[in-house]
Amino acid sequence: MAIINQARKELQVKVVYYGTALGGKTTNLVQVHEHVQAAQGSKGKLVSLATNSDRTLFFDFLPIEAMAIKGFKTKFQLYTVPGQVIYNTTRQLVLRGVDGIVFVADSQYDKMEENVRSLANLKDNLKALNLSLDDIPFVLQYNKRDLPNTAPVEYMEYLLNNGDPQVPSFAASASRCEGVFETLNMITRLLLHKFINDGARRAA
């Protein structure tokens, strides 16, 4: 849930990157940290807890301060969840208080079943927290498009983005920083739009 500090005129929102193991969630955050154009002191350190196999064990966390909106300074906290099934309890913990979700799908053909299972797992974990994707700003990223054995985007849309309405989706190669900021910009826009609309309804 977004944290609004009226005294400091600050809005703090939490974005979680979800998806399969080694699908590119951490790579997205690394690229954002390395390339984001931010004023001095306005982006935090990238904290990564990883195993020897270079998989995120708990989460990555990267606070970024963005533009002020309606007089409020906006701070985005970016997290990833562990992709391995054995850490599902940690996934649920990281999802607590989530405001927006980026689902990072691995575009390789042999990862399609894992993508579908991971998306179903996301929905189950949200349900356990009394949340639903229908009520949360949500964006899909089809990562690793630079590899030779990728499934067509249309096929991935059929598998993962078959709701009504469909959510925004982006082809990406996070390792090349392609599609990373397009994805981040969209989830940011959706979150700010939601904040503006919610504020307008409260004021009405």
# chains A, B, ... in the order shown; residues from 1 in each chain; ligands from 1
>>> residues_around(residues="A:Leu140", least_positions_apart="6", cutoff="9 Å", atoms="only C-alpha atoms", output="list in words")
Ile101, Val102, Phe103, Val104, Ala105, Leu160, Asn161, Val167, Pro168, Ser169, Phe170, Ala171 and Thr183 of chain A
>>> residues_around(residues="A:Gly83", least_positions_apart="2", cutoff="12 Å", atoms="only C-alpha atoms", output="JSON, numbers by chain")
{"A": [17, 18, 19, 20, 21, 22, 23, 24, 25, 26, 50, 54, 55, 56, 57, 58, 59, 80, 81, 85, 86, 87, 88, 89, 90, 91, 103, 104, 105, 106, 114, 115, 117, 118, 119, 121, 122]}
>>> select_by_dssp(residues="stretch 48-177 of chain A", states="strand (DSSP E)", output="PyMOL selection string")
chain A and resi 48-50+56-69+72-80+100-106+138-143+169-171
>>> write_last_selection(atoms="N, CA and C atoms", output="compact mmCIF listing (two decimals), in the first residue's frame")
# COMPACT_ATOMS: atom_id res chain seq x y z
N SER A 48 21.43 -6.52 -3.05
CA SER A 48 21.14 -7.82 -3.64
C SER A 48 21.63 -8.92 -2.71
N LEU A 49 20.74 -9.84 -2.38
CA LEU A 49 21.09 -10.99 -1.56
C LEU A 49 21.04 -12.21 -2.47
N ALA A 50 22.19 -12.79 -2.76
CA ALA A 50 22.24 -13.85 -3.75
C ALA A 50 22.98 -15.06 -3.22
N THR A 56 18.88 -14.56 -6.97
CA THR A 56 18.46 -13.73 -5.86
C THR A 56 17.81 -14.62 -4.81
N LEU A 57 18.31 -14.55 -3.59
CA LEU A 57 17.80 -15.40 -2.53
C LEU A 57 16.54 -14.80 -1.90
N PHE A 58 16.59 -13.54 -1.57
CA PHE A 58 15.43 -12.90 -0.98
C PHE A 58 14.88 -11.82 -1.92
N PHE A 59 15.54 -10.69 -1.98
CA PHE A 59 15.01 -9.64 -2.85
C PHE A 59 16.10 -8.64 -3.17
N ASP A 60 15.88 -7.91 -4.24
CA ASP A 60 16.68 -6.73 -4.55
C ASP A 60 15.81 -5.53 -4.20
N PHE A 61 16.44 -4.46 -3.76
CA PHE A 61 15.70 -3.29 -3.33
C PHE A 61 16.42 -2.05 -3.83
N LEU A 62 15.71 -1.19 -4.53
CA LEU A 62 16.32 -0.01 -5.10
C LEU A 62 15.37 1.18 -5.00
N PRO A 63 15.56 2.07 -4.04
CA PRO A 63 14.68 3.24 -3.95
C PRO A 63 15.10 4.34 -4.94
N ILE A 64 14.14 4.83 -5.67
CA ILE A 64 14.39 5.91 -6.64
C ILE A 64 13.39 7.03 -6.39
N GLU A 65 13.89 8.25 -6.30
CA GLU A 65 13.00 9.40 -6.18
C GLU A 65 12.70 9.94 -7.57
N ALA A 66 11.43 10.15 -7.83
CA ALA A 66 11.00 10.64 -9.14
C ALA A 66 10.49 12.07 -9.00
N MET A 67 9.73 12.48 -9.99
CA MET A 67 9.24 13.84 -10.01
C MET A 67 8.21 14.08 -8.91
N ALA A 68 8.00 15.34 -8.58
CA ALA A 68 6.94 15.69 -7.64
C ALA A 68 5.63 15.76 -8.41
N ILE A 69 4.57 15.24 -7.81
CA ILE A 69 3.26 15.28 -8.44
C ILE A 69 2.25 15.79 -7.42
N PHE A 72 3.72 16.43 -4.17
CA PHE A 72 4.31 15.32 -3.44
C PHE A 72 5.53 14.78 -4.18
N LYS A 73 6.62 14.59 -3.43
CA LYS A 73 7.79 13.93 -3.99
C LYS A 73 7.52 12.43 -4.02
N THR A 74 7.73 11.80 -5.18
CA THR A 74 7.40 10.40 -5.34
C THR A 74 8.65 9.54 -5.23
N LYS A 75 8.59 8.54 -4.37
CA LYS A 75 9.71 7.61 -4.19
C LYS A 75 9.24 6.21 -4.54
N PHE A 76 9.96 5.59 -5.49
CA PHE A 76 9.63 4.23 -5.90
C PHE A 76 10.61 3.26 -5.27
N GLN A 77 10.08 2.22 -4.64
CA GLN A 77 10.90 1.16 -4.09
C GLN A 77 10.73 -0.06 -4.98
N LEU A 78 11.81 -0.47 -5.64
CA LEU A 78 11.76 -1.60 -6.56
C LEU A 78 12.32 -2.84 -5.90
N TYR A 79 11.56 -3.91 -5.93
CA TYR A 79 11.95 -5.19 -5.33
C TYR A 79 11.88 -6.29 -6.39
N THR A 80 12.64 -7.37 -6.17
CA THR A 80 12.38 -8.61 -6.90
C THR A 80 12.12 -9.71 -5.89
N GLY A 100 2.43 -1.97 -7.30
CA GLY A 100 2.48 -2.28 -8.72
C GLY A 100 3.36 -3.49 -8.97
N ILE A 101 3.06 -4.23 -10.04
CA ILE A 101 3.78 -5.47 -10.32
C ILE A 101 4.25 -5.49 -11.77
N VAL A 102 5.51 -5.88 -11.96
CA VAL A 102 6.06 -6.16 -13.28
C VAL A 102 6.34 -7.66 -13.33
N PHE A 103 5.68 -8.36 -14.24
CA PHE A 103 5.95 -9.79 -14.40
C PHE A 103 6.95 -9.96 -15.54
N VAL A 104 8.13 -10.49 -15.20
CA VAL A 104 9.20 -10.68 -16.18
C VAL A 104 9.15 -12.12 -16.65
N ALA A 105 8.76 -12.32 -17.90
CA ALA A 105 8.65 -13.66 -18.49
C ALA A 105 9.89 -13.95 -19.33
N ASP A 106 10.37 -15.17 -19.23
CA ASP A 106 11.50 -15.65 -20.03
C ASP A 106 10.98 -16.08 -21.38
N PHE A 138 -0.32 -3.37 -13.32
CA PHE A 138 0.37 -4.60 -13.69
C PHE A 138 0.87 -4.48 -15.12
N VAL A 139 2.15 -4.84 -15.32
CA VAL A 139 2.78 -4.77 -16.64
C VAL A 139 3.53 -6.07 -16.89
N LEU A 140 3.52 -6.53 -18.13
CA LEU A 140 4.26 -7.72 -18.53
C LEU A 140 5.50 -7.33 -19.32
N GLN A 141 6.59 -8.03 -19.06
CA GLN A 141 7.81 -7.85 -19.86
C GLN A 141 8.24 -9.21 -20.41
N TYR A 142 8.39 -9.29 -21.73
CA TYR A 142 8.85 -10.52 -22.37
C TYR A 142 10.35 -10.38 -22.60
N ASN A 143 11.11 -10.94 -21.70
CA ASN A 143 12.56 -10.72 -21.66
C ASN A 143 13.31 -11.76 -22.49
N SER A 169 2.34 -4.65 -22.35
CA SER A 169 3.42 -5.63 -22.40
C SER A 169 4.55 -5.09 -23.28
N PHE A 170 5.78 -5.53 -22.98
CA PHE A 170 6.95 -5.01 -23.67
C PHE A 170 7.94 -6.14 -23.97
N ALA A 171 8.41 -6.18 -25.21
CA ALA A 171 9.52 -7.07 -25.56
C ALA A 171 10.80 -6.45 -25.02
>>> closest_residue(among="A:Leu46, A:Met112, A:Val36, A:Val94", to="A:Ala151", atoms="only C-alpha atoms")
A:Met112
>>> closest_residue(among="A:Gly179, A:Asp134, A:Lys144, A:Val16", to="A:Asp164", atoms="only C-alpha atoms")
A:Asp134
>>> atom_distance(atom1="atom CA of A:Gln12", atom2="atom CA of A:Leu131")
19.0 Å
>>> atom_distance(atom1="atom CA of A:Glu113", atom2="atom CA of A:Leu159")
9.4 Å
>>> atom_distance(atom1="atom CA of A:Lys45", atom2="atom CA of A:Val13")
16.9 Å
>>> closest_residue(among="A:His33, A:Leu11, A:Pro137, A:Arg96", to="A:Lys194", atoms="only C-alpha atoms")
A:Pro137
>>> closest_residue(among="A:Glu34, A:Asp99, A:Glu10, A:Asp146", to="A:Phe181", atoms="only C-alpha atoms")
A:Glu34
